[in-house]
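A.B. asks: Here it is: the structure, laid out below.
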Amino acid sequence: MPQLRLALNQIDSTVGDLDGNTESILHWTRHSAEQGAHLVAFPEMVLTGYPVEDLALRSSFVEASRAALRSLAERLNAEGLGEVPVVVGYLDRSERARRYGQPAGSPQNAGAVLHRGAVVLTFAKHHLPNYGVFDEFRYFVPGDTLPMVRVHGIDVALAICEDLWQDGGRVPASCSAGAGLLLSINASPYEREKDDTRLDLVRKRAQEAGCTTAYLAMIGGQDELVFDGDSIVVDRDGEVIARAPQFAEGCVLLDLDLPAADPGPAPEGVVDDGLRIDHVTLSADPLPRYEPELAGGEAERLGDDEEIYTALVVGLRAYVAKNGFRSVLIGLSGGIDSSLVAAIACDAVGAQNVYGVAMPSRYSSEHSIDDAAELARRTGLNFRTVPIAPMFDAYMASLGLTGLAEENLQSRLRGTMLMAISNQEGHIVLAPGNKSELACGYSTLYGDSVGAYGPIKDVYKTSVFRLSKWRNRAAEERGQTPPIPENSITKPPSAELRPGQVDTDSLPDYDVLDRILELYVDRDQGRTEIVAAGYDDALVTRILRMVDTAEYKRRQYPPGTKISAKGFGKDRRLPITNRWREHV
């Protein structure tokens, strides 16, 4: 059987940074070539970044992407890398009118093969996702070809992400066309437990395609999305040949024994789902037999809590760096939410770039002030204390507020102070709200909800406790000081806006609350279904009422790292003005 050394480069890219992304592709192609790669691949839309959203509708951006692709091909050749075929994702436009009424020139999520200074083959994603965070039907027209490239006597079929996630299309077409390798380039966002789903998918598709299948994934972060890498190669029977590390940039190199292409004419015609074979031969003759050096292997998997925590760190780091910031600012209350956010921030951008402010009021307990200071001591972040009592007293003397208005005034004073420091010193503010609070509206607009980013926005409160305990254990295992004070984890959660206040004054017990929220928010189950699952009718009604009436607050909350199948934002889209109520 012919041999092929395949290089899968799971790298990060930034939306709109065509020059920076080009340099990264050049760097990793050079690295791959130095390691003797015969075929080099990069993730979906790596040249433009992903997702580009409405930038896809700007013809200037589309043309810039096409020009950057041609320039990349020329530079690869000029730098002595032209003999190695390179598969790269980019933004293209259709040359002719397509289905669904889109005119010629409509944008496409595309891939290309670069060789000897030229773009020798282009193709567009066939299956377009239109669920969750994906809006590809809004932007793109689908591809209608089965792209194949013959490299050293092996026919390689090419696909893009959703082409594997949906049935039909390029997977069975690859089998019909006799491909020896199916290579899919992807930008598949991270979700909890998606790694197992992804592995099962790739195994299934390899068996359907009847050939070795390589699933190349992106890493890094873009706004609220995190990409975790985890590239996978399996043989035709679904057995894992190689699996890349999670959340780590790098190149997976492996030597493959693959079936030889039919020595007769190249495959042509129309195959499954009406896909027309678009075949290009780059090198028809197999390589001389060589001793394989790179047999693959599986990288060590992260545990569930470490995986989620790492995703939160990567998401925050990417948001800060890619938006040109250097430092972050956090209001430290001594509670578990702000403590976990501070730990994530220190791991993401370095403690020297994290600034914490304690803003005690007349209702703040001594242990909360002490816990905030202890967190700062343990992590090494920059810390100051600025009491809000004088400002609070001035407002109260002018307005005479009582009850909830008085409580929320304290939160809003803290929010104003954080934004003022942000303006003065150039830090971006991190909002500490968790998914349980956001779901129930248990936050103050223009108070604890201010900020540029919410690192734990998609993390339920019970998971906040679990991740905090994991982070401390991880530190102890490395011989380090646990970053989060034990008292911040064990004391009853409280906003401390009135004497003796605790969260359970306003919310059900978090263990029960989070289970009901997961059914309602994440799984779209209604009141009847949730009650039938064994939960108290009155409690379910109360929780659903809180969720339904808080939509206007969630719309004004900053973006934050998505770790669940359905986060607040692009995933879950409900009208603010809405009289349909599950709890009625």
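FYI, nothing fancy with the structure tokens labels: chains A, B, ... in order, residues from 1 per chain, ligands from 1 as they appear.
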Just the residues within 6 Å of range 407-420 of chain A, please, counting only C-alpha atoms, with nothing from its chain fewer than 2 positions along; format it as an MDAnalysis selection string.
C.D. replies: chainID A and resid 404:405 422:423 446:448 450 497
A.B. asks: Filtering to C-alpha atoms, could you give me those residues as an mmCIF file, in the first residue's frame?
C.D. replies:
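Result written to again_16.cif:
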```
data_model
loop_
_atom_site.group_PDB
_atom_site.id
_atom_site.type_symbol
_atom_site.label_atom_id
_atom_site.label_comp_id
_atom_site.auth_asym_id
_atom_site.auth_seq_id
_atom_site.Cartn_x
_atom_site.Cartn_y
_atom_site.Cartn_z
ATOM 1 C CA LEU A 404 -34.716 46.584 46.974
ATOM 2 C CA ALA A 405 -33.824 50.013 45.614
ATOM 3 C CA SER A 422 -11.460 50.827 33.946
ATOM 4 C CA ASN A 423 -11.640 54.158 32.102
ATOM 5 C CA TYR A 446 -25.551 48.367 35.756
ATOM 6 C CA GLY A 447 -24.280 46.824 38.995
ATOM 7 C CA ASP A 448 -22.733 43.381 39.247
ATOM 8 C CA VAL A 450 -21.267 45.542 34.225
ATOM 9 C CA LEU A 497 -26.784 43.912 50.539
#
```
A.B. asks: Quick check for you: according to DSSP on this backbone, which residues of range 342-508 of chain A are classed as strand (DSSP E or B)? Reply as number ranges by chain.
C.D. replies: A: 354-358, 382-385, 428-430, 453
A.B. asks: Restricting the calculation to only C-alpha atoms: of A:Ile484, A:Cys211, A:Val540, A:Ala41, which residue gets closest to Leu340 in chain A?
C.D. replies: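 Between A:Ile484, A:Cys211, A:Val540, A:Ala41, the residue approaching Leu340 in chain A most closely is A:Ile484.
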A.B. asks: Between CA of Glu208 in chain A and CA of Arg5 in chain A, measure the distance and give it in Å to one decimal.
C.D. replies: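 Computed distance, CA of Glu208 in chain A to CA of Arg5 in chain A, equals 23.4 Å.
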A.B. asks: Got a sec: who's within 9 Å of Gly89 in chain A, counting only C-alpha atoms, leaving out chain neighbours fewer than 3 positions off, as a list in words?
C.D. replies: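 Close residues of Gly89 in chain A: Ala41, Phe42, Pro43, Glu44, Met45, Val46, Leu47, Thr48, Asn109, Ala110, Gly111, Ala112, Ile160, Ile185 and Asn186 of chain A.
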A.B. asks: Would you kindly return, as a ChimeraX atom specification, each protein, DNA or RNA residue with an atom no farther than 10 Å from any atom of Asn77 in chain A, considering only C-alpha atoms and excluding same-chain residues fewer than 6 positions away?
C.D. replies: /A:71,83-84,114-118
A.B. asks: So the first atom is CA of Lys491 in chain A and the second is CA of Thr549 in chain A; what is the distance between them in Å, to one decimal place?
C.D. replies: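 Between CA of Lys491 in chain A and CA of Thr549 in chain A the gap is 29.2 Å.
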A.B. asks: Measuring between only C-alpha atoms, which one of A:Ala474, A:Ile576, A:Val52, A:Val233 shows the shortest distance to Asp135 in chain A?
C.D. replies: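 Using only C-alpha atoms, Asp135 in chain A sits closest to A:Val52.
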A.B. asks: So which bits of range 82-267 of chain A end up helix (DSSP H, G or I) when you DSSP the backbone, as a VMD selection string?
C.D. replies: chain A and resid 99 to 101 136 to 139 162 to 165 170 to 176 194 to 209
A.B. asks: Would you mind listing what lies within 12 Å of Arg542 in chain A as a ChimeraX atom specification, with only C-alpha atoms counted and same-chain residues fewer than 3 positions away left out?
C.D. replies: /A:440,506-508,513,516-517,527,535-539,545-549,581-584
A.B. asks: Take the residues from that selection and write them out as a PDB file, in the first residue's frame, keeping N, CA and C atoms.
C.D. replies:
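part-v6.pdb, written as the output of this step:
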```pdb
ATOM      1  N   CYS A 440     -32.193  33.284  36.489  1.00  0.00           N
ATOM      2  CA  CYS A 440     -33.266  33.727  37.378  1.00  0.00           C
ATOM      3  C   CYS A 440     -33.351  35.245  37.517  1.00  0.00           C
ATOM      4  N   SER A 506     -33.753  34.439  48.282  1.00  0.00           N
ATOM      5  CA  SER A 506     -34.399  34.779  47.013  1.00  0.00           C
ATOM      6  C   SER A 506     -34.483  33.615  46.049  1.00  0.00           C
ATOM      7  N   LEU A 507     -33.609  32.624  46.212  1.00  0.00           N
ATOM      8  CA  LEU A 507     -33.532  31.515  45.263  1.00  0.00           C
ATOM      9  C   LEU A 507     -33.707  30.186  45.979  1.00  0.00           C
ATOM     10  N   PRO A 508     -34.205  29.173  45.270  1.00  0.00           N
ATOM     11  CA  PRO A 508     -34.227  27.820  45.834  1.00  0.00           C
ATOM     12  C   PRO A 508     -32.803  27.306  46.039  1.00  0.00           C
ATOM     13  N   LEU A 513     -32.298  23.885  42.074  1.00  0.00           N
ATOM     14  CA  LEU A 513     -32.475  24.943  41.074  1.00  0.00           C
ATOM     15  C   LEU A 513     -31.738  24.611  39.782  1.00  0.00           C
ATOM     16  N   ILE A 516     -33.355  21.873  37.636  1.00  0.00           N
ATOM     17  CA  ILE A 516     -34.553  22.353  36.930  1.00  0.00           C
ATOM     18  C   ILE A 516     -34.163  23.302  35.797  1.00  0.00           C
ATOM     19  N   LEU A 517     -33.197  24.175  36.049  1.00  0.00           N
ATOM     20  CA  LEU A 517     -32.749  25.107  35.005  1.00  0.00           C
ATOM     21  C   LEU A 517     -32.163  24.362  33.810  1.00  0.00           C
ATOM     22  N   ARG A 527     -42.961  23.028  31.543  1.00  0.00           N
ATOM     23  CA  ARG A 527     -43.365  22.817  32.928  1.00  0.00           C
ATOM     24  C   ARG A 527     -43.908  21.413  33.154  1.00  0.00           C
ATOM     25  N   TYR A 535     -40.288  16.860  40.071  1.00  0.00           N
ATOM     26  CA  TYR A 535     -40.068  18.110  40.796  1.00  0.00           C
ATOM     27  C   TYR A 535     -41.393  18.729  41.228  1.00  0.00           C
ATOM     28  N   ASP A 536     -41.352  19.429  42.358  1.00  0.00           N
ATOM     29  CA  ASP A 536     -42.545  20.044  42.931  1.00  0.00           C
ATOM     30  C   ASP A 536     -43.159  21.071  41.979  1.00  0.00           C
ATOM     31  N   ASP A 537     -44.467  20.978  41.782  1.00  0.00           N
ATOM     32  CA  ASP A 537     -45.171  21.831  40.825  1.00  0.00           C
ATOM     33  C   ASP A 537     -44.999  23.308  41.176  1.00  0.00           C
ATOM     34  N   ALA A 538     -45.210  23.660  42.440  1.00  0.00           N
ATOM     35  CA  ALA A 538     -45.112  25.063  42.835  1.00  0.00           C
ATOM     36  C   ALA A 538     -43.693  25.593  42.658  1.00  0.00           C
ATOM     37  N   LEU A 539     -42.698  24.763  42.981  1.00  0.00           N
ATOM     38  CA  LEU A 539     -41.309  25.186  42.828  1.00  0.00           C
ATOM     39  C   LEU A 539     -40.961  25.389  41.358  1.00  0.00           C
ATOM     40  N   ARG A 545     -41.102  31.145  36.222  1.00  0.00           N
ATOM     41  CA  ARG A 545     -41.535  32.544  36.195  1.00  0.00           C
ATOM     42  C   ARG A 545     -40.326  33.475  36.281  1.00  0.00           C
ATOM     43  N   MET A 546     -39.372  33.140  37.159  1.00  0.00           N
ATOM     44  CA  MET A 546     -38.171  33.972  37.280  1.00  0.00           C
ATOM     45  C   MET A 546     -37.381  33.991  35.975  1.00  0.00           C
ATOM     46  N   VAL A 547     -37.238  32.832  35.349  1.00  0.00           N
ATOM     47  CA  VAL A 547     -36.478  32.760  34.096  1.00  0.00           C
ATOM     48  C   VAL A 547     -37.158  33.569  33.002  1.00  0.00           C
ATOM     49  N   ASP A 548     -38.462  33.402  32.862  1.00  0.00           N
ATOM     50  CA  ASP A 548     -39.180  34.052  31.766  1.00  0.00           C
ATOM     51  C   ASP A 548     -39.168  35.572  31.885  1.00  0.00           C
ATOM     52  N   THR A 549     -39.221  36.085  33.102  1.00  0.00           N
ATOM     53  CA  THR A 549     -39.313  37.541  33.271  1.00  0.00           C
ATOM     54  C   THR A 549     -37.947  38.227  33.290  1.00  0.00           C
ATOM     55  N   ARG A 581     -46.171  31.884  28.525  1.00  0.00           N
ATOM     56  CA  ARG A 581     -45.595  31.508  29.798  1.00  0.00           C
ATOM     57  C   ARG A 581     -45.802  30.024  30.056  1.00  0.00           C
ATOM     58  N   GLU A 582     -44.718  29.309  30.293  1.00  0.00           N
ATOM     59  CA  GLU A 582     -44.805  27.898  30.649  1.00  0.00           C
ATOM     60  C   GLU A 582     -45.406  27.713  32.040  1.00  0.00           C
ATOM     61  N   HIS A 583     -45.269  28.740  32.890  1.00  0.00           N
ATOM     62  CA  HIS A 583     -45.669  28.578  34.277  1.00  0.00           C
ATOM     63  C   HIS A 583     -47.122  28.938  34.529  1.00  0.00           C
ATOM     64  N   VAL A 584     -47.846  29.385  33.515  1.00  0.00           N
ATOM     65  CA  VAL A 584     -49.246  29.763  33.710  1.00  0.00           C
ATOM     66  C   VAL A 584     -50.117  28.518  33.755  1.00  0.00           C
TER      67      VAL A 584
END
```
A.B. asks: I'd like the interatomic distance between CA of Ala179 in chain A and CA of Thr197 in chain A, to a tenth of an Å.
C.D. replies: 24.6 Å
A.B. asks: Kindly indicate which residue among A:Asn487, A:Gly180, A:Leu375, A:Val280 lies nearest to Met1 in chain A, using only C-alpha atoms for the distances.
C.D. replies: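 Smallest distance to Met1 in chain A is found for A:Gly180.
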